[in-house]
Structure formats: structure tokens, C-alpha cells
Amino acid sequence: MQLEELKTEWQKLERKVELCENLNEKLIHTIISGKSNYILDQMKQKHRALLLILFIEIIALMAVLLGNPFDFRYFIQYLPFVLLIIIILMAAISLFRFHKSIITDLSKNNLKITIQNILNYFSKNKVYDAYFGSISLAIGLLVPWSFLPNKIDNKGWEAGVTDTLIMMVITIIIYLIAFKSGAFKNRDQEKLSDTMNEWNELQHLVHLTDNHTEVG
Amino acid sequence: MEKNFIDIVNKHKGLIFKVCNMYGADAEDRKDLFQEILLQMWKSFKSFRGEASISTWAYRIAINTAVTYSKKIKRNELSGSSVMNFEVPDLMESQEKEERSAWLHQAISQLDKIEKSVILLYLEDKSYEEISEITGLTRSNVGVRINRIKTKLSKIIKL
């Protein structure tokens, strides 16, 4: 069978389409008011959740700075909180810019550019996943230092420093246990590996397309 | 605006069904893909200014969605009974007197994602320029691709 014969067969499908009823308004309305499964839409939804968490963290840290609920007496005690606010703010601004730069309109680009854009977005997104893990760890490691002066005043140098180090070690242990037990994978674990597979699949397609373009 | 959109969807339902049939492995896949294509069309429709023809616009969204859509992510169940009851027609369903369409489906299913998009547009009688505009392949590469698909399909048929 030649390609033209295949075309004739294909055109017969049009008759089947004509027999299909029109899609009703209710069905279309229900579908368009649903949630998208498109990978970049999923990424943007995750960004919105991360931005909300970062915003809550900034509010909580600001509350500590302004309200002094832990009776800090020295400026240095505020320093870890100030540093954390700066780090989180920078991460949030950067994430927000990246989030805004993601174009999810699938009519804007042809197939090749769409695939390449998705690959670029995924490559950039890896950085933000790393940011988020680092911020969580930084909070656990920096905050105990703020309480050191009070501990020194109350328990003395040795006990104060030991206590702070123990808290930091506990933080690292909790972080490692959580990491090993898959707590950081949480709900996104499955999605992430699926996306990675999809990503690899798309990358393979891009290589194929590029190779063919070179040959062509 | 919604009324216009519904008209456009119904005018192009054939192409959406064909893309879903081309890329969807089973009824559930076809339905999932159909929902995603419609959603993406709606999102894009709001900013559609007529830069491309409505047909090119619809093909672009349908094909871009089909190729990049992650079908492994389970779609949240939609409460609407209209969606639950809806099924994308199996255009290539085999019936005794329609063995050709089953054969067509079998041959096409063995092509890769990019090849499927090229052959779909070719079978839909799109010009090389239009195929190039939708897929991003150069015009000359479209010709090369079609010839390769032709050879590949011939091999599939002989098997």
C-alpha cells in the first residue's frame, strides 16, 4: 500500500467524525474548569505552593525580629534570622521570576521549540529544588546559634556551646533520616521520576529531530 | 467568548479526535488526552489574536499537547457526570468490513511521536509549509521525513 492509498483510508475517518455528535456546552465547560495535567502547569502549581511556604517563612522570621519572643539581647542573636530572611527573599524573588517566565501557551511555539523549552525549564527548575532543600537545612543549622548567648548566660560556655552543637547535630541527623526515609520525596516522588522519564524521552526526541535536521 | 470557543471546538472536533486516536493507546488515554487538549485550547484561546489561522492554531495545540503530555500522571477525577460518560470515539476501531482501518491503526501505532505528528498532518492534506510551521522541521526535512515514514510503513506492511 502506498502513502496515497493510506491517505484515502485516512480520509474515510472524516465520515466517522461527521457521525459523531457535537460536544455539548456542559461537557466543554466541565473540562475547561478542571485542573491541567500538562507538565509545565504542574511545575507552576508546585512553584505557587513553594512561594506560599517561603512567604510564610519570611512572615514567621520577621515576627521573631520584630516581636523578639525569645528575649534576644544582642544584635548577633538576630543575625541568623536576618541572613535567613535575605536568603529566603532572594530565593522567592528568583523563583517568582522563573515562574513568570514560563510560557505555558501551547499555541505560541512549534513542536520542536515547545520540547526544547520544556527541557530548559526542567533544567532551571532543578536549581530551585536544590534551593528549597538548602533553605530547610540552613534554618536548622543557623537558628540554634541565635540561642547561644542566652544559653551561655544561663549555663556557661561549655554547656551552652555543647547544647548548640547537639541541636545542630540533631538537625543534621533528622535531615539525614528524613532524606534517607524518603520524606523529601513525599508526594512529588512519583511525579518527579515520571517527569524525568518524560524528560529523557523528550530529550531523545530532540536528538532524533536534530540528527534528522542535520541529515536533511 | 465561551460560545465562540464551543463553536471552534466543534468545528475542529475531528482533528482533536484524530490526534487522540493517533496518540492514545486506549479509551482512557484518549479521554485524558482529549481533556488536556481542550483545556490547553481554552487557556490559549483567551490570548488568541489570529496571528496564525485557526486551523494551524488548533493543530499546534493538539500536537504539542499530545507529544509533551505526561499521561502517567493520574488526572483528578472530575465530578461532572457529562465527563464521566463521555468517550472519545475510536475512529480506527476494527469491524469486519473495515479491516483496512484496523490495519491503518496498527501501522501508525508503530511510528514514533514526531513521525506520528508529521504523518497526521500529511494525511490531513497539510502543505509542507504548514507541516513545517506546526512541527518546527524545515520544509526540506518534512519531505525527507515523509519519505522515511513511507519506507518504514512499507516495511511494517511487509512484516
# chains A, B, ... in the order shown; residues from 1 in each chain; ligands from 1
>>> closest_atom_pairs(of="chain A", to="chain B", cutoff="6 Å", atoms="only C-alpha atoms", output="JSON lines")
{"residue": "A:Lys7", "atom": "CA", "partner": "B:Leu123", "partner_atom": "CA", "distance": 5.1}
{"residue": "A:Val17", "atom": "CA", "partner": "B:Gly14", "partner_atom": "CA", "distance": 5.5}
{"residue": "A:Asn22", "atom": "CA", "partner": "B:Asn10", "partner_atom": "CA", "distance": 5.9}
{"residue": "A:Leu27", "atom": "CA", "partner": "B:Ser82", "partner_atom": "CA", "distance": 5.3}
{"residue": "A:Ile31", "atom": "CA", "partner": "B:Gln35", "partner_atom": "CA", "distance": 6.0}
{"residue": "A:Ile32", "atom": "CA", "partner": "B:Leu39", "partner_atom": "CA", "distance": 4.9}
{"residue": "A:Tyr38", "atom": "CA", "partner": "B:Tyr69", "partner_atom": "CA", "distance": 5.6}
{"residue": "A:Asp105", "atom": "CA", "partner": "B:Ser44", "partner_atom": "CA", "distance": 5.5}
{"residue": "A:Leu106", "atom": "CA", "partner": "B:Ile61", "partner_atom": "CA", "distance": 5.2}
{"residue": "A:Ser107", "atom": "CA", "partner": "B:Ile61", "partner_atom": "CA", "distance": 5.1}
{"residue": "A:Asn110", "atom": "CA", "partner": "B:Ile134", "partner_atom": "CA", "distance": 5.0}
{"residue": "A:Leu111", "atom": "CA", "partner": "B:Thr135", "partner_atom": "CA", "distance": 4.6}
{"residue": "A:Lys112", "atom": "CA", "partner": "B:Gly136", "partner_atom": "CA", "distance": 5.2}
{"residue": "A:Gly216", "atom": "CA", "partner": "B:Asn141", "partner_atom": "CA", "distance": 5.1}
>>> residues_around(residues="Ala60 of chain A", least_positions_apart="2", cutoff="12 Å", atoms="only C-alpha atoms", output="MDAnalysis selection string")
chainID A and resid 53:58 62:69 81:82 84:85 88 139
>>> write_last_selection(atoms="N, CA and C atoms", output="PDB file, in the first residue's frame")
ATOM      1  N   ILE A  53       4.949  28.776  50.889  1.00  0.00           N
ATOM      2  CA  ILE A  53       5.742  28.319  52.048  1.00  0.00           C
ATOM      3  C   ILE A  53       6.844  29.343  52.361  1.00  0.00           C
ATOM      4  N   LEU A  54       7.515  29.818  51.326  1.00  0.00           N
ATOM      5  CA  LEU A  54       8.590  30.800  51.536  1.00  0.00           C
ATOM      6  C   LEU A  54       8.031  32.085  52.141  1.00  0.00           C
ATOM      7  N   PHE A  55       6.861  32.492  51.694  1.00  0.00           N
ATOM      8  CA  PHE A  55       6.220  33.700  52.209  1.00  0.00           C
ATOM      9  C   PHE A  55       5.892  33.526  53.699  1.00  0.00           C
ATOM     10  N   ILE A  56       5.362  32.363  54.056  1.00  0.00           N
ATOM     11  CA  ILE A  56       5.028  32.081  55.462  1.00  0.00           C
ATOM     12  C   ILE A  56       6.305  32.095  56.314  1.00  0.00           C
ATOM     13  N   GLU A  57       7.369  31.520  55.756  1.00  0.00           N
ATOM     14  CA  GLU A  57       8.653  31.509  56.479  1.00  0.00           C
ATOM     15  C   GLU A  57       9.162  32.929  56.725  1.00  0.00           C
ATOM     16  N   ILE A  58       9.048  33.768  55.709  1.00  0.00           N
ATOM     17  CA  ILE A  58       9.505  35.166  55.868  1.00  0.00           C
ATOM     18  C   ILE A  58       8.685  35.874  56.945  1.00  0.00           C
ATOM     19  N   MET A  62      10.213  37.380  60.307  1.00  0.00           N
ATOM     20  CA  MET A  62      10.017  38.812  60.577  1.00  0.00           C
ATOM     21  C   MET A  62       9.375  39.007  61.950  1.00  0.00           C
ATOM     22  N   ALA A  63       8.443  38.111  62.268  1.00  0.00           N
ATOM     23  CA  ALA A  63       7.768  38.192  63.569  1.00  0.00           C
ATOM     24  C   ALA A  63       8.773  38.024  64.706  1.00  0.00           C
ATOM     25  N   VAL A  64       9.749  37.123  64.485  1.00  0.00           N
ATOM     26  CA  VAL A  64      10.794  36.924  65.505  1.00  0.00           C
ATOM     27  C   VAL A  64      11.635  38.203  65.631  1.00  0.00           C
ATOM     28  N   LEU A  65      11.973  38.792  64.481  1.00  0.00           N
ATOM     29  CA  LEU A  65      12.795  40.013  64.506  1.00  0.00           C
ATOM     30  C   LEU A  65      12.064  41.173  65.182  1.00  0.00           C
ATOM     31  N   LEU A  66      10.805  41.320  64.867  1.00  0.00           N
ATOM     32  CA  LEU A  66      10.058  42.476  65.378  1.00  0.00           C
ATOM     33  C   LEU A  66       9.496  42.257  66.788  1.00  0.00           C
ATOM     34  N   GLY A  67       9.090  41.034  67.068  1.00  0.00           N
ATOM     35  CA  GLY A  67       8.437  40.771  68.357  1.00  0.00           C
ATOM     36  C   GLY A  67       9.380  40.272  69.443  1.00  0.00           C
ATOM     37  N   ASN A  68      10.559  39.802  69.057  1.00  0.00           N
ATOM     38  CA  ASN A  68      11.551  39.243  69.984  1.00  0.00           C
ATOM     39  C   ASN A  68      10.934  38.281  71.017  1.00  0.00           C
ATOM     40  N   PRO A  69      10.266  37.256  70.573  1.00  0.00           N
ATOM     41  CA  PRO A  69       9.625  36.327  71.524  1.00  0.00           C
ATOM     42  C   PRO A  69      10.624  35.492  72.328  1.00  0.00           C
ATOM     43  N   PHE A  81      18.601  35.049  61.752  1.00  0.00           N
ATOM     44  CA  PHE A  81      17.252  35.309  61.239  1.00  0.00           C
ATOM     45  C   PHE A  81      17.308  36.303  60.075  1.00  0.00           C
ATOM     46  N   VAL A  82      18.181  37.319  60.236  1.00  0.00           N
ATOM     47  CA  VAL A  82      18.338  38.308  59.154  1.00  0.00           C
ATOM     48  C   VAL A  82      18.883  37.608  57.909  1.00  0.00           C
ATOM     49  N   LEU A  84      18.684  34.459  57.133  1.00  0.00           N
ATOM     50  CA  LEU A  84      17.660  33.565  56.567  1.00  0.00           C
ATOM     51  C   LEU A  84      16.638  34.348  55.756  1.00  0.00           C
ATOM     52  N   ILE A  85      16.237  35.528  56.300  1.00  0.00           N
ATOM     53  CA  ILE A  85      15.253  36.342  55.569  1.00  0.00           C
ATOM     54  C   ILE A  85      15.825  36.750  54.214  1.00  0.00           C
ATOM     55  N   ILE A  88      15.965  33.607  51.943  1.00  0.00           N
ATOM     56  CA  ILE A  88      14.621  33.185  51.503  1.00  0.00           C
ATOM     57  C   ILE A  88      14.024  34.201  50.528  1.00  0.00           C
ATOM     58  N   ILE A 139      17.997  26.742  57.868  1.00  0.00           N
ATOM     59  CA  ILE A 139      17.174  27.147  59.019  1.00  0.00           C
ATOM     60  C   ILE A 139      17.563  26.319  60.237  1.00  0.00           C
TER      61      ILE A 139
END
>>> select_by_dssp(residues="chain B", states="alpha helix (DSSP H)", output="PyMOL selection string")
chain B and resi 2-11+13-23+27-45+54-68+81-85+99-109+113-123+128-135+139-158
>>> closest_residue(among="A:Trp10, A:Arg73, A:Lys44, A:Pro80", to="Phe98 of chain A", atoms="only C-alpha atoms")
A:Lys44
>>> residues_around(residues="segment 120-137 of chain A", least_positions_apart="4", cutoff="7 Å", atoms="only C-alpha atoms", output="ChimeraX atom specification")
/A:91,95,116,141
>>> write_last_selection(atoms="C-alpha atoms", output="short mmCIF file (atom, residue, chain, number, x, y, z; two decimals), in the first residue's frame")
data_model
loop_
_atom_site.label_atom_id
_atom_site.label_comp_id
_atom_site.auth_asym_id
_atom_site.auth_seq_id
_atom_site.Cartn_x
_atom_site.Cartn_y
_atom_site.Cartn_z
CA ALA A 91 15.15 32.53 46.56
CA LEU A 95 11.62 31.59 41.88
CA GLN A 116 13.25 22.44 23.86
CA LEU A 141 21.69 24.96 61.30
#
>>> closest_residue(among="A:Gln77, A:Met168, A:Ile59, A:Lys26", to="Leu89 of chain A", atoms="only C-alpha atoms")
A:Ile59
>>> atom_distance(atom1="atom CA of Glu5 of chain A", atom2="atom CA of Tyr128 of chain B")
18.9 Å
